[in-house]
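Colleague: File start07.txt below, compact mmCIF, C-alpha atoms:
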# COMPACT_ATOMS: atom_id res chain seq x y z
CA MET B 115 0.00 0.00 0.00
CA ALA B 116 1.46 3.32 -1.04
CA GLU B 117 1.86 6.14 1.49
CA LYS B 118 1.03 8.78 -1.07
CA PHE B 119 -0.84 8.87 -4.34
CA VAL B 120 -0.26 11.36 -7.16
CA ASP B 121 -2.61 11.50 -10.13
CA ALA B 122 -0.55 13.35 -12.75
CA ARG B 123 -2.63 12.26 -15.72
CA GLY B 124 -3.29 15.05 -18.19
CA LEU B 125 -0.91 17.50 -16.52
CA SER B 126 1.63 19.32 -18.65
CA CYS B 127 5.34 19.77 -17.90
CA PRO B 128 6.70 20.14 -15.27
CA GLN B 129 3.71 19.46 -13.02
CA PRO B 130 3.95 15.65 -12.82
CA VAL B 131 7.55 15.98 -11.64
CA LEU B 132 6.77 18.78 -9.18
CA ASP B 133 3.78 16.98 -7.66
CA THR B 134 5.77 13.75 -7.27
CA LYS B 135 8.74 15.58 -5.79
CA LYS B 136 6.44 17.25 -3.26
CA ALA B 137 4.87 13.90 -2.31
CA LEU B 138 8.33 12.35 -1.83
CA GLU B 139 9.41 15.25 0.36
CA GLU B 140 6.36 14.76 2.56
CA ILE B 141 7.27 11.19 3.53
CA LYS B 142 10.34 9.97 5.41
CA HIS B 143 10.29 6.59 3.74
CA GLY B 144 7.83 4.41 1.91
CA THR B 145 6.17 4.36 -1.49
CA VAL B 146 4.55 7.01 -3.64
CA GLU B 147 2.22 5.77 -6.36
CA VAL B 148 2.09 8.01 -9.42
CA LEU B 149 -0.27 7.77 -12.38
CA VAL B 150 0.84 9.38 -15.65
CA ASP B 151 -0.56 9.20 -19.17
CA THR B 152 2.39 10.11 -21.38
CA VAL B 153 5.76 8.46 -21.93
CA THR B 154 7.37 11.87 -21.44
CA SER B 155 5.91 12.20 -17.93
CA LYS B 156 6.92 8.60 -17.17
CA GLU B 157 10.52 9.34 -18.19
CA ASN B 158 10.68 12.70 -16.41
CA VAL B 159 9.21 11.43 -13.13
CA SER B 160 11.44 8.31 -13.19
CA ARG B 161 14.56 10.39 -13.84
CA MET B 162 13.77 12.74 -10.97
CA ALA B 163 13.05 9.84 -8.60
CA LYS B 164 16.25 7.96 -9.49
CA LYS B 165 18.25 11.16 -9.11
CA ASN B 166 16.85 11.37 -5.57
CA SER B 167 18.05 7.82 -4.84
CA CYS B 168 14.58 6.27 -4.99
CA GLN B 169 13.67 2.95 -6.55
CA VAL B 170 11.23 3.08 -9.44
CA GLU B 171 8.93 0.33 -10.66
CA VAL B 172 6.89 0.99 -13.78
CA GLU B 173 3.70 -0.80 -14.66
CA THR B 174 2.05 -0.24 -18.05
CA LEU B 175 -1.71 0.10 -17.78
CA ASP B 176 -4.40 0.24 -20.44
CA ASP B 177 -4.89 3.29 -22.68
CA GLY B 178 -1.20 4.19 -22.61
CA GLU B 179 -1.20 5.05 -18.93
CA PHE B 180 1.56 4.14 -16.52
CA LYS B 181 1.67 3.44 -12.79
CA LEU B 182 4.94 4.30 -11.14
CA LEU B 183 5.76 2.92 -7.72
CA ILE B 184 8.50 5.07 -6.24
CA THR B 185 10.12 3.78 -3.07
CA LYS B 186 12.06 6.09 -0.79
CA THR B 187 14.36 4.61 1.84
CA GLU B 188 15.30 6.45 5.02
CA SER B 189 19.00 6.90 4.12
CA MET Z 266 12.34 -0.44 -30.26
CA GLU Z 267 12.80 -0.34 -26.50
CA LYS Z 268 16.57 -0.04 -26.87
CA ILE Z 269 16.16 2.91 -29.23
CA THR Z 270 13.72 4.57 -26.82
CA LYS Z 271 16.17 4.07 -23.96
CA PHE Z 272 18.99 5.56 -25.98
CA PHE Z 273 16.97 8.63 -26.95
CA SER Z 274 15.93 9.27 -23.36
CA SER Z 275 19.58 9.13 -22.25
CA VAL Z 276 21.95 12.07 -22.02
CA TRP Z 277 23.46 11.04 -25.35
CA GLY Z 278 20.07 11.27 -27.02
CA ILE Z 279 19.52 14.87 -25.99
CA VAL Z 280 23.15 15.83 -26.71
CA ILE Z 281 22.94 14.40 -30.23
CA THR Z 282 19.67 16.24 -30.87
CA GLY Z 283 21.19 19.54 -29.71
CA ALA Z 284 24.29 18.88 -31.80
CA VAL Z 285 22.26 18.06 -34.93
CA ILE Z 286 20.28 21.31 -34.56
CA GLY Z 287 23.49 23.22 -33.85
CA ILE Z 288 25.14 21.93 -37.03
CA LEU Z 289 22.14 22.00 -39.38
CA ALA Z 290 20.78 25.46 -38.48
CA PRO Z 291 23.94 27.33 -39.54
CA LEU Z 292 24.11 25.07 -42.61
CA LEU Z 293 20.57 26.10 -43.55
CA GLN Z 294 21.78 29.68 -43.24
CA LYS Z 295 24.71 28.83 -45.53
CA MET Z 296 22.23 27.38 -48.01
CA GLY Z 297 19.98 30.40 -48.07
CA ASN Z 298 18.13 30.98 -44.80
CA PRO Z 299 18.48 34.49 -43.28
CA PRO Z 300 21.61 35.36 -41.24
CA ASN Z 301 21.66 34.03 -37.66
CA MET Z 302 18.23 32.62 -38.49
CA GLY Z 303 19.02 29.11 -39.69
CA ILE Z 304 16.05 28.08 -37.61
CA CYS Z 305 13.82 30.44 -35.66
CA VAL Z 306 10.46 29.03 -34.70
CA ALA Z 307 8.90 32.43 -33.94
CA CYS Z 308 10.29 34.14 -37.07
CA PHE Z 309 9.29 31.22 -39.27
CA GLU Z 310 5.74 31.12 -37.90
CA ARG Z 311 5.64 34.87 -38.47
CA ASP Z 312 6.70 34.28 -42.09
CA ILE Z 313 3.90 31.73 -42.44
CA ALA Z 314 1.40 34.26 -40.99
CA GLY Z 315 2.60 36.69 -43.65
CA ALA Z 316 2.45 34.16 -46.47
CA ILE Z 317 -1.19 33.39 -45.79
CA GLY Z 318 -1.94 37.10 -45.56
CA LEU Z 319 -2.60 37.49 -41.85
CA HIS Z 320 -0.15 40.40 -42.01
CA ARG Z 321 1.09 42.31 -45.03
CA VAL Z 322 4.69 43.12 -44.28
CA GLY Z 323 6.20 42.26 -47.64
CA VAL Z 324 9.67 41.34 -46.40
CA VAL Z 325 8.61 38.52 -44.04
CA GLN Z 326 6.28 36.27 -46.03
CA TYR Z 327 7.22 32.68 -46.78
CA ILE Z 328 5.85 29.26 -45.92
CA ARG Z 329 8.78 27.83 -43.98
CA PRO Z 330 9.15 24.08 -44.60
CA GLU Z 331 11.13 23.68 -41.37
CA ILE Z 332 7.98 24.32 -39.31
CA ILE Z 333 6.02 21.82 -41.41
CA GLY Z 334 8.83 19.29 -40.96
CA PHE Z 335 8.87 19.75 -37.19
CA VAL Z 336 5.20 18.80 -36.89
CA LEU Z 337 5.24 15.99 -39.45
CA GLY Z 338 8.54 14.56 -38.18
CA SER Z 339 7.15 14.45 -34.67
CA LEU Z 340 3.94 12.83 -35.94
CA LEU Z 341 6.01 10.20 -37.74
CA ALA Z 342 8.08 9.39 -34.64
CA ALA Z 343 5.01 9.37 -32.40
CA LEU Z 344 3.21 6.94 -34.71
CA LEU Z 345 6.26 4.73 -35.10
CA PHE Z 346 6.85 4.48 -31.37
CA ARG Z 347 3.14 4.32 -30.51
CA GLU Z 348 3.16 7.59 -28.63
CA PHE Z 349 0.60 9.40 -30.75
CA LYS Z 350 -2.17 10.37 -28.39
CA ALA Z 351 -4.88 12.89 -29.18
CA ARG Z 352 -5.52 14.96 -26.08
CA GLY Z 353 -6.68 18.44 -25.16
CA GLY Z 354 -8.91 20.66 -23.09
CA SER Z 355 -6.40 22.21 -20.67
CA SER Z 356 -7.45 25.89 -20.68
CA PRO Z 357 -7.23 26.28 -24.48
CA PHE Z 358 -8.25 29.94 -24.65
CA ILE Z 359 -5.63 30.97 -22.12
CA ARG Z 360 -3.04 28.99 -24.07
CA PHE Z 361 -4.11 30.82 -27.23
CA PHE Z 362 -3.39 34.18 -25.58
CA LEU Z 363 -0.14 32.91 -24.07
CA GLY Z 364 0.83 32.08 -27.66
CA ILE Z 365 -0.11 35.57 -28.82
CA PHE Z 366 1.94 37.25 -26.10
CA ALA Z 367 4.87 34.85 -26.48
CA MET Z 368 5.08 35.91 -30.13
CA ILE Z 369 4.74 39.62 -29.31
CA GLY Z 370 7.63 39.30 -26.84
CA ALA Z 371 9.73 37.27 -29.27
CA LEU Z 372 9.22 39.79 -32.08
CA VAL Z 373 10.25 42.68 -29.82
CA PHE Z 374 13.53 40.79 -29.23
CA LEU Z 375 13.48 39.57 -32.85
CA GLY Z 376 13.71 35.86 -32.23
CA CYS Z 377 12.57 32.93 -30.15
CA PRO Z 378 14.75 30.98 -27.67
CA TRP Z 379 16.09 28.90 -30.59
CA ARG Z 380 17.21 32.00 -32.44
CA ALA Z 381 18.59 33.54 -29.25
CA LEU Z 382 20.96 30.55 -29.02
CA LEU Z 383 21.81 30.74 -32.72
CA ARG Z 384 22.34 34.50 -32.57
CA LEU Z 385 24.70 33.96 -29.64
CA SER Z 386 26.57 31.30 -31.65
CA GLY Z 387 26.89 33.80 -34.49
CA GLY Z 388 28.46 36.42 -32.22
CA ASP Z 389 25.40 38.61 -31.70
CA TRP Z 390 25.92 39.62 -28.06
CA ASN Z 391 22.42 41.12 -27.83
CA ALA Z 392 21.36 37.48 -27.54
CA LEU Z 393 23.00 37.41 -24.10
CA ILE Z 394 20.62 40.17 -22.99
CA GLY Z 395 17.72 38.22 -24.52
CA LEU Z 396 18.80 35.03 -22.76
CA GLY Z 397 18.99 37.00 -19.52
CA GLY Z 398 15.39 38.04 -20.15
CA LEU Z 399 14.38 34.44 -20.85
CA ILE Z 400 15.97 33.22 -17.63
CA THR Z 401 14.20 36.00 -15.71
CA GLY Z 402 10.88 34.98 -17.28
CA VAL Z 403 11.56 31.36 -16.33
CA VAL Z 404 12.40 32.31 -12.74
CA ILE Z 405 9.13 34.28 -12.45
CA GLY Z 406 7.20 31.40 -14.04
CA SER Z 407 8.87 28.89 -11.71
CA PHE Z 408 7.69 30.96 -8.75
CA PHE Z 409 4.09 30.60 -9.98
CA LEU Z 410 4.57 26.85 -10.55
CA LYS Z 411 5.83 26.45 -6.98
CA LYS Z 412 2.78 28.34 -5.73
CA GLY Z 413 0.46 25.87 -7.45
CA TYR Z 414 -0.07 27.38 -10.91
CA THR Z 415 -1.77 25.00 -13.33
CA LEU Z 416 -3.79 25.20 -16.51
CA GLY Z 417 -5.63 22.05 -15.49
CA ARG Z 418 -5.69 18.56 -16.94
CA SER Z 419 -6.00 17.61 -20.58
CA LYS Z 420 -8.23 14.70 -21.47
CA PRO Z 421 -7.98 12.10 -24.20
CA VAL Z 422 -9.94 13.17 -27.29
CA ASN Z 423 -10.87 11.44 -30.51
CA TRP Z 424 -7.77 10.53 -32.54
CA ILE Z 425 -8.94 12.52 -35.56
CA GLN Z 426 -8.47 15.78 -33.62
CA GLY Z 427 -4.82 14.97 -33.18
CA LEU Z 428 -4.37 14.89 -36.94
CA LEU Z 429 -5.75 18.39 -37.48
CA MET Z 430 -2.45 20.24 -37.04
CA PRO Z 431 -0.50 17.81 -39.25
CA ALA Z 432 -3.27 18.18 -41.88
CA PHE Z 433 -2.96 21.98 -41.70
CA MET Z 434 0.80 21.59 -42.21
CA ILE Z 435 0.26 19.37 -45.24
CA ALA Z 436 -2.10 22.02 -46.70
CA LEU Z 437 0.62 24.65 -46.16
CA LEU Z 438 3.15 22.37 -47.84
CA LEU Z 439 0.89 22.02 -50.88
CA PHE Z 440 0.44 25.84 -51.03
CA LEU Z 441 4.23 26.12 -50.99
CA ILE Z 442 4.98 23.41 -53.55
CA PHE Z 443 2.40 24.66 -56.03
CA ARG Z 444 2.92 28.35 -55.17
CA VAL Z 445 -0.84 28.76 -55.00
CA THR Z 446 -2.27 32.21 -55.72
CA PHE Z 447 -5.94 32.39 -54.76
CA LYS Z 448 -6.44 35.59 -56.76
CA PRO Z 449 -3.77 37.65 -58.58
CA GLY Z 450 -2.06 40.04 -56.15
CA ASN Z 451 -3.32 38.15 -53.12
CA ALA Z 452 -2.25 35.25 -50.88
CA ILE Z 453 -0.25 33.11 -50.91
CA PHE Z 454 2.42 35.83 -50.57
CA PHE Z 455 6.12 35.19 -51.11
CA SER Z 456 8.60 37.92 -50.18
CA GLU Z 457 10.70 39.30 -53.00
CA SER Z 458 13.17 41.02 -50.71
CA GLY Z 459 14.18 40.93 -47.04
CA PRO Z 460 14.46 37.90 -44.75
CA GLY Z 461 11.33 36.29 -46.21
CA SER Z 462 13.02 36.05 -49.60
CA MET Z 463 15.98 34.18 -48.14
CA PHE Z 464 15.51 30.46 -47.89
CA ALA Z 465 17.34 27.20 -48.36
CA PRO Z 466 16.04 24.78 -51.03
CA LEU Z 467 12.61 23.42 -50.09
CA VAL Z 468 13.63 19.76 -50.00
CA ILE Z 469 16.59 20.45 -47.73
CA SER Z 470 14.58 22.68 -45.35
CA LEU Z 471 11.81 20.12 -45.17
CA GLY Z 472 14.26 17.25 -44.69
CA VAL Z 473 16.05 19.05 -41.87
CA GLY Z 474 12.70 19.90 -40.28
CA LEU Z 475 11.59 16.26 -40.46
CA LEU Z 476 14.86 14.97 -38.99
CA ILE Z 477 14.74 17.46 -36.12
CA GLY Z 478 11.04 16.69 -35.61
CA VAL Z 479 11.79 12.98 -35.21
CA LEU Z 480 14.79 13.51 -32.91
CA ALA Z 481 13.09 16.14 -30.76
CA GLN Z 482 9.95 14.05 -30.35
CA ARG Z 483 12.03 11.13 -29.11
CA THR Z 484 14.28 13.15 -26.83
CA ARG Z 485 11.71 15.78 -25.66
CA PHE Z 486 14.15 18.54 -26.66
CA CYS Z 487 12.93 21.83 -25.18
CA THR Z 488 14.91 25.05 -24.85
CA MET Z 489 12.69 26.52 -22.15
CA GLY Z 490 12.26 23.24 -20.28
CA ALA Z 491 16.06 23.12 -20.11
CA ILE Z 492 16.30 26.39 -18.20
CA ARG Z 493 13.20 25.62 -16.14
CA ASP Z 494 14.46 22.21 -15.00
CA VAL Z 495 17.78 23.69 -13.87
CA VAL Z 496 16.05 26.52 -12.00
CA LEU Z 497 13.26 24.44 -10.51
CA ILE Z 498 14.64 20.96 -9.84
CA LYS Z 499 18.37 21.29 -10.59
CA ASP Z 500 18.04 18.75 -13.42
CA TRP Z 501 20.56 19.38 -16.22
CA HIS Z 502 19.32 16.68 -18.63
CA LEU Z 503 17.70 19.00 -21.20
CA MET Z 504 20.39 21.65 -20.66
CA TYR Z 505 23.04 19.30 -22.05
CA GLY Z 506 21.15 19.50 -25.35
CA ILE Z 507 21.27 23.30 -25.28
CA ILE Z 508 24.99 23.31 -24.49
CA ALA Z 509 25.61 20.89 -27.38
CA LEU Z 510 23.54 23.12 -29.67
CA VAL Z 511 25.51 26.26 -28.85
CA ILE Z 512 28.94 24.56 -29.11
CA CYS Z 513 28.13 22.90 -32.44
CA ALA Z 514 26.50 26.04 -33.88
CA LEU Z 515 29.51 28.12 -32.83
CA ALA Z 516 31.90 25.62 -34.45
CA THR Z 517 29.84 25.46 -37.65
CA ASN Z 518 29.61 29.27 -37.82
CA LEU Z 519 33.38 29.54 -37.37
CA ILE Z 520 34.00 27.00 -40.14
CA PHE Z 521 31.72 28.88 -42.56
CA SER Z 522 32.90 32.36 -41.48
CA GLN Z 523 29.46 33.16 -40.12
CA PHE Z 524 30.78 34.30 -36.73
CA ASN Z 525 30.81 38.11 -36.46
CA PRO Z 526 30.98 39.27 -32.85
CA GLY Z 527 29.42 42.56 -31.75
CA TYR Z 528 26.33 44.38 -30.54
CA ALA Z 529 25.25 46.97 -33.12
CA LEU Z 530 24.13 46.16 -36.66
CA GLN Z 531 23.89 42.42 -36.13
CA PRO Z 532 21.70 40.73 -38.74
CA VAL Z 533 17.94 41.14 -38.14
CA SER Z 534 18.63 42.33 -34.61
CA HIS Z 535 18.49 45.54 -32.59
CA SER Z 536 20.71 46.73 -29.76
CA GLN Z 537 18.21 48.30 -27.35
CA TRP Z 538 19.08 46.39 -24.20
CA THR Z 539 15.92 47.18 -22.23
CA TRP Z 540 13.57 45.91 -24.89
CA ASN Z 541 15.69 42.92 -25.85
CA PHE Z 542 15.51 42.00 -22.19
CA LEU Z 543 11.83 42.75 -21.50
CA GLY Z 544 10.66 41.20 -24.79
CA MET Z 545 12.30 37.94 -23.75
CA VAL Z 546 11.02 38.18 -20.16
CA LEU Z 547 7.54 38.17 -21.68
CA ALA Z 548 8.31 35.34 -24.12
CA GLY Z 549 10.02 33.22 -21.46
CA LEU Z 550 7.19 33.67 -19.01
CA ALA Z 551 4.54 32.82 -21.61
CA PHE Z 552 6.47 29.70 -22.74
CA ILE Z 553 6.86 28.47 -19.17
CA LEU Z 554 3.21 29.05 -18.32
CA ALA Z 555 2.29 27.09 -21.47
CA GLY Z 556 4.67 24.24 -20.63
CA GLY Z 557 7.37 24.48 -23.29
CA CYS Z 558 9.33 26.43 -25.90
CA PRO Z 559 7.89 27.17 -29.36
CA GLY Z 560 9.69 24.20 -30.87
CA ARG Z 561 8.40 21.84 -28.21
CA GLN Z 562 4.86 23.15 -28.83
CA LEU Z 563 5.23 22.09 -32.49
CA PHE Z 564 6.57 18.66 -31.53
CA LEU Z 565 3.72 18.16 -29.07
CA SER Z 566 1.28 19.22 -31.79
CA GLY Z 567 2.63 16.40 -33.93
CA GLU Z 568 2.01 13.93 -31.08
CA GLY Z 569 -1.66 14.92 -31.01
CA ASP Z 570 -1.58 17.55 -28.26
CA GLN Z 571 -4.40 20.00 -29.01
CA ASP Z 572 -3.33 22.35 -26.23
CA ALA Z 573 0.05 22.79 -27.87
CA SER Z 574 -1.64 23.25 -31.27
CA ILE Z 575 -3.82 26.07 -29.96
CA PHE Z 576 -0.68 27.73 -28.55
CA VAL Z 577 0.96 27.47 -31.98
CA MET Z 578 -2.09 29.06 -33.61
CA GLY Z 579 -1.92 31.77 -30.93
CA MET Z 580 1.67 32.45 -31.96
CA ILE Z 581 0.69 32.74 -35.62
CA VAL Z 582 -2.13 35.16 -34.75
CA GLY Z 583 0.27 36.98 -32.40
CA ALA Z 584 2.63 37.49 -35.35
CA ALA Z 585 -0.23 39.05 -37.32
CA PHE Z 586 -1.04 41.38 -34.40
CA SER Z 587 2.65 42.22 -34.02
CA HIS Z 588 3.00 43.41 -37.58
CA ASN Z 589 -0.51 44.82 -38.14
CA PHE Z 590 -0.27 46.92 -34.98
CA PHE Z 591 3.44 47.79 -35.41
CA LEU Z 592 4.48 46.03 -32.21
CA ALA Z 593 7.48 44.19 -33.66
CA SER Z 594 10.91 45.78 -33.40
CA SER Z 595 12.80 47.15 -36.35
CA PRO Z 596 16.41 46.02 -36.74
CA ASP Z 597 19.46 48.29 -36.42
CA LYS Z 598 20.44 49.92 -39.69
CA LEU Z 599 22.78 52.51 -41.18
CA SER Z 600 21.53 55.87 -42.43
CA GLU Z 601 22.57 57.08 -45.87
CA GLY Z 602 25.27 59.08 -44.17
CA GLY Z 603 26.61 55.91 -42.58
CA GLU Z 604 25.32 56.64 -39.08
CA LEU Z 605 23.89 53.93 -36.87
CA ILE Z 606 20.12 54.02 -36.47
CA THR Z 607 19.37 51.86 -33.45
CA GLY Z 608 16.31 49.70 -34.01
CA GLY Z 609 13.84 48.43 -31.43
CA PRO Z 610 10.14 48.64 -30.72
CA GLU Z 611 7.98 51.75 -31.03
CA ILE Z 612 5.62 52.91 -28.33
CA PHE Z 613 2.85 50.36 -29.00
CA GLY Z 614 5.35 47.52 -28.95
CA LYS Z 615 6.58 48.68 -25.55
CA ILE Z 616 3.03 48.95 -24.22
CA ALA Z 617 2.22 45.48 -25.58
CA VAL Z 618 5.23 43.95 -23.81
CA ILE Z 619 4.22 45.50 -20.47
CA ALA Z 620 0.59 44.46 -21.01
CA GLY Z 621 1.75 40.94 -21.88
CA ILE Z 622 3.88 40.65 -18.75
CA LEU Z 623 0.91 41.85 -16.67
CA PHE Z 624 -1.34 39.31 -18.42
CA CYS Z 625 1.09 36.50 -17.61
CA VAL Z 626 1.44 37.61 -13.98
CA VAL Z 627 -2.35 37.69 -13.53
CA ILE Z 628 -2.68 34.24 -15.14
CA GLY Z 629 0.24 32.93 -13.09
CA LEU Z 630 -1.31 34.10 -9.85
CA THR Z 631 -4.92 33.13 -10.52
CA MET Z 632 -4.79 29.83 -12.40
CA LYS Z 633 -4.72 27.26 -9.62
CA SER Z 634 -6.15 23.81 -9.35
CA VAL Z 635 -9.86 23.98 -8.46
CA LYS Z 636 -9.81 20.51 -6.96
CA ASN Z 637 -7.16 17.87 -7.10
CA LYS Z 638 -9.27 15.01 -8.44
CA ARG Z 639 -10.05 14.10 -11.97
Please render this file's structure as structure tokens.

Modeller:
Amino acid sequence: MAEKFVDARGLSCPQPVLDTKKALEEIKHGTVEVLVDTVTSKENVSRMAKKNSCQVEVETLDDGEFKLLITKTES
Amino acid sequence: MEKITKFFSSVWGIVITGAVIGILAPLLQKMGNPPNMGICVACFERDIAGAIGLHRVGVVQYIRPEIIGFVLGSLLAALLFREFKARGGSSPFIRFFLGIFAMIGALVFLGCPWRALLRLSGGDWNALIGLGGLITGVVIGSFFLKKGYTLGRSKPVNWIQGLLMPAFMIALLLFLIFRVTFKPGNAIFFSESGPGSMFAPLVISLGVGLLIGVLAQRTRFCTMGAIRDVVLIKDWHLMYGIIALVICALATNLIFSQFNPGYALQPVSHSQWTWNFLGMVLAGLAFILAGGCPGRQLFLSGEGDQDASIFVMGMIVGAAFSHNFFLASSPDKLSEGGELITGGPEIFGKIAVIAGILFCVVIGLTMKSVKNKR
């Protein structure tokens, strides 16, 4: 179960990244689930998360949407 | 396919795209495009506005194949990699006006972010002032983004809508190829002198446009996103593309003796610092509030993004306003006696820039998410 949920579908740059970053900053550790609907947002959010030492799991959903599970560890 | 996608989303992908633009733009200039204007999205959309008669300034009327190539190249890549997705409905009317004001700002500076970089690579130091303005606009826009600015969500729409912009581009291409005249003395107009009369061969311009369209769609190349990401999230990914563009354009200009450093009398450029700066503050702010630079808006249009398309149409209409209402700057020139006449905007251009900045500030402060759910 994710600690935070971000629905970034339909949002233009750089909002998906900003919203995800904010959600990650609000938790000490745990998982943020992010929904995006473009490959660009998927790439941008993943890049930001990896840069912040988080683990990223991507699941492809129907209609070209993606679910990103971003896990933040305490270190 | 997945390997190619991974490569394009890597640093090398964006660097190669920037390098290709940096080499090809000065080459287009060598082959006929106007000086320091190998590629300028704003200027070229302005030329298109003139060609179809939305303004009647005889020296800037031509259907630029590069713009057509950008959209169609992006469409091609998006179809090939299954990323074509018709979508829209994120505050379209506001985006239209952001497009109008972005163009007004760009034409007071005399160039878009792409041309600012190319002007810099050609030794036009006024571009540094313009880039300073762009960065300022981005910083202001980033402040709004941090405070919760949003134009709202787009929604998936019927696929046919996503093909509208590419279809418009194909119509323009046909007008260009067949040099259509709807009635003698009327549109389509083609400049006989001035920057509009300077162009590289059609096939080459179109080919370069297509190649850049494909590369930029894959790598999400965006000149404004590059600055924004550095300012906002300290991410340099897109900026590497910009750095590659400037280095390669500088090298190409040096090879072809197209590097002429200085401030005054640079090609299609003026040296009024204040208005170079403020024009680009307006353009930068409008681009950030709309989510990307003018090139990126064309690439998104090719992917089926209606919101980007409406911004592009706003820019074309903005070009018509700029020239019909005498808002655009005039370039520096020499008088008959050999004295420098500094160009720049006239009073209405200055008022329009201030009005545009005010418009963007009001939009930036007021457009917030109504509720966070879909």

Colleague: Once you count only C-alpha atoms, which residues of chain Z turn out to be within 6 Å of chain B? Could you give them as a PyMOL selection string?

Modeller: chain Z and resi 418-420+556

Colleague: If I take atom CA of Z:Ser534 and atom CA of Z:Ile553, how far is one from the other in Å, to one decimal?

Modeller: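 It comes out at 23.9 Å.
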
Colleague: Please identify all polymer residues lying at most 8 Å from the point (15.9, 16.5, -31.5) (file coordinates), using all atoms listed in the file, and present the result as a PDB file with C-alpha atoms, keeping the file's coordinate frame.

Modeller:
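Output below, filename result_0.pdb:
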ATOM      1  CA  ILE Z 279      19.520  14.870 -25.990  1.00  0.00           C
ATOM      2  CA  ILE Z 281      22.940  14.400 -30.230  1.00  0.00           C
ATOM      3  CA  THR Z 282      19.670  16.240 -30.870  1.00  0.00           C
ATOM      4  CA  GLY Z 283      21.190  19.540 -29.710  1.00  0.00           C
ATOM      5  CA  VAL Z 285      22.260  18.060 -34.930  1.00  0.00           C
ATOM      6  CA  ILE Z 286      20.280  21.310 -34.560  1.00  0.00           C
ATOM      7  CA  LEU Z 476      14.860  14.970 -38.990  1.00  0.00           C
ATOM      8  CA  ILE Z 477      14.740  17.460 -36.120  1.00  0.00           C
ATOM      9  CA  GLY Z 478      11.040  16.690 -35.610  1.00  0.00           C
ATOM     10  CA  VAL Z 479      11.790  12.980 -35.210  1.00  0.00           C
ATOM     11  CA  LEU Z 480      14.790  13.510 -32.910  1.00  0.00           C
ATOM     12  CA  ALA Z 481      13.090  16.140 -30.760  1.00  0.00           C
ATOM     13  CA  GLN Z 482       9.950  14.050 -30.350  1.00  0.00           C
ATOM     14  CA  ARG Z 483      12.030  11.130 -29.110  1.00  0.00           C
ATOM     15  CA  THR Z 484      14.280  13.150 -26.830  1.00  0.00           C
ATOM     16  CA  ARG Z 485      11.710  15.780 -25.660  1.00  0.00           C
ATOM     17  CA  PHE Z 486      14.150  18.540 -26.660  1.00  0.00           C
TER      18      PHE Z 486
END

Colleague: Which residues come within 9 Å of Z:Gly614, counting all atoms listed in the file, excluding same-chain residues fewer than 6 positions away, as a short mmCIF file (atom, residue, chain, number, x, y, z; two decimals) with C-alpha atoms, in the frame of the given file?

Modeller:
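Everything below was put into result25.cif:
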data_model
loop_
_atom_site.label_atom_id
_atom_site.label_comp_id
_atom_site.auth_asym_id
_atom_site.auth_seq_id
_atom_site.Cartn_x
_atom_site.Cartn_y
_atom_site.Cartn_z
CA ILE Z 369 4.74 39.62 -29.31
CA GLY Z 370 7.63 39.30 -26.84
CA VAL Z 373 10.25 42.68 -29.82
CA SER Z 587 2.65 42.22 -34.02
CA PHE Z 590 -0.27 46.92 -34.98
CA PHE Z 591 3.44 47.79 -35.41
CA LEU Z 592 4.48 46.03 -32.21
CA ALA Z 593 7.48 44.19 -33.66
CA SER Z 594 10.91 45.78 -33.40
#

Colleague: Which is closest to Z:Gly387 among Z:Ala465, Z:Leu519, Z:Trp424, Z:Met430, if we use all atoms listed in the file?

Modeller: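 Of the candidates, the smallest distance to Z:Gly387 is held by Z:Leu519.
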
Colleague: Counting only C-alpha atoms, I want the residues whose atoms come within 12 Å of (18.4, 36.2, -20.3) in the file frame, returned as number ranges by chain.

Modeller: Z: 374, 377-378, 381-382, 385, 390-404, 489, 492, 538-550

Colleague: Can you pull out the residues contacting Z:Arg444? Cut-off 9 Å, using all atoms listed in the file, and skip same-chain residues under 2 positions away; I want them as an MDAnalysis selection string.

Modeller: chainID Z and resid 439:442 446 453:455

Colleague: Provide the atom CA of B:Gln169 to atom CA of B:Ile184 distance in Å, to one decimal place.

Modeller: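 Going from atom CA of B:Gln169 over to atom CA of B:Ile184, I get 5.6 Å.
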
Colleague: Mind checking which residues fall within 8 Å of B:Lys142, counting all atoms listed in the file, ignoring those fewer than 4 positions away in the same chain, and posting them as a PyMOL selection string?

Modeller: chain B and resi 138+186-188

Colleague: Find the residues near Z:Lys598: any atom within 7 Å, counting all atoms listed in the file, skip ones fewer than 3 places away on the same chain, and give them as a VMD selection string.

Modeller: chain Z and resid 530 605 to 607
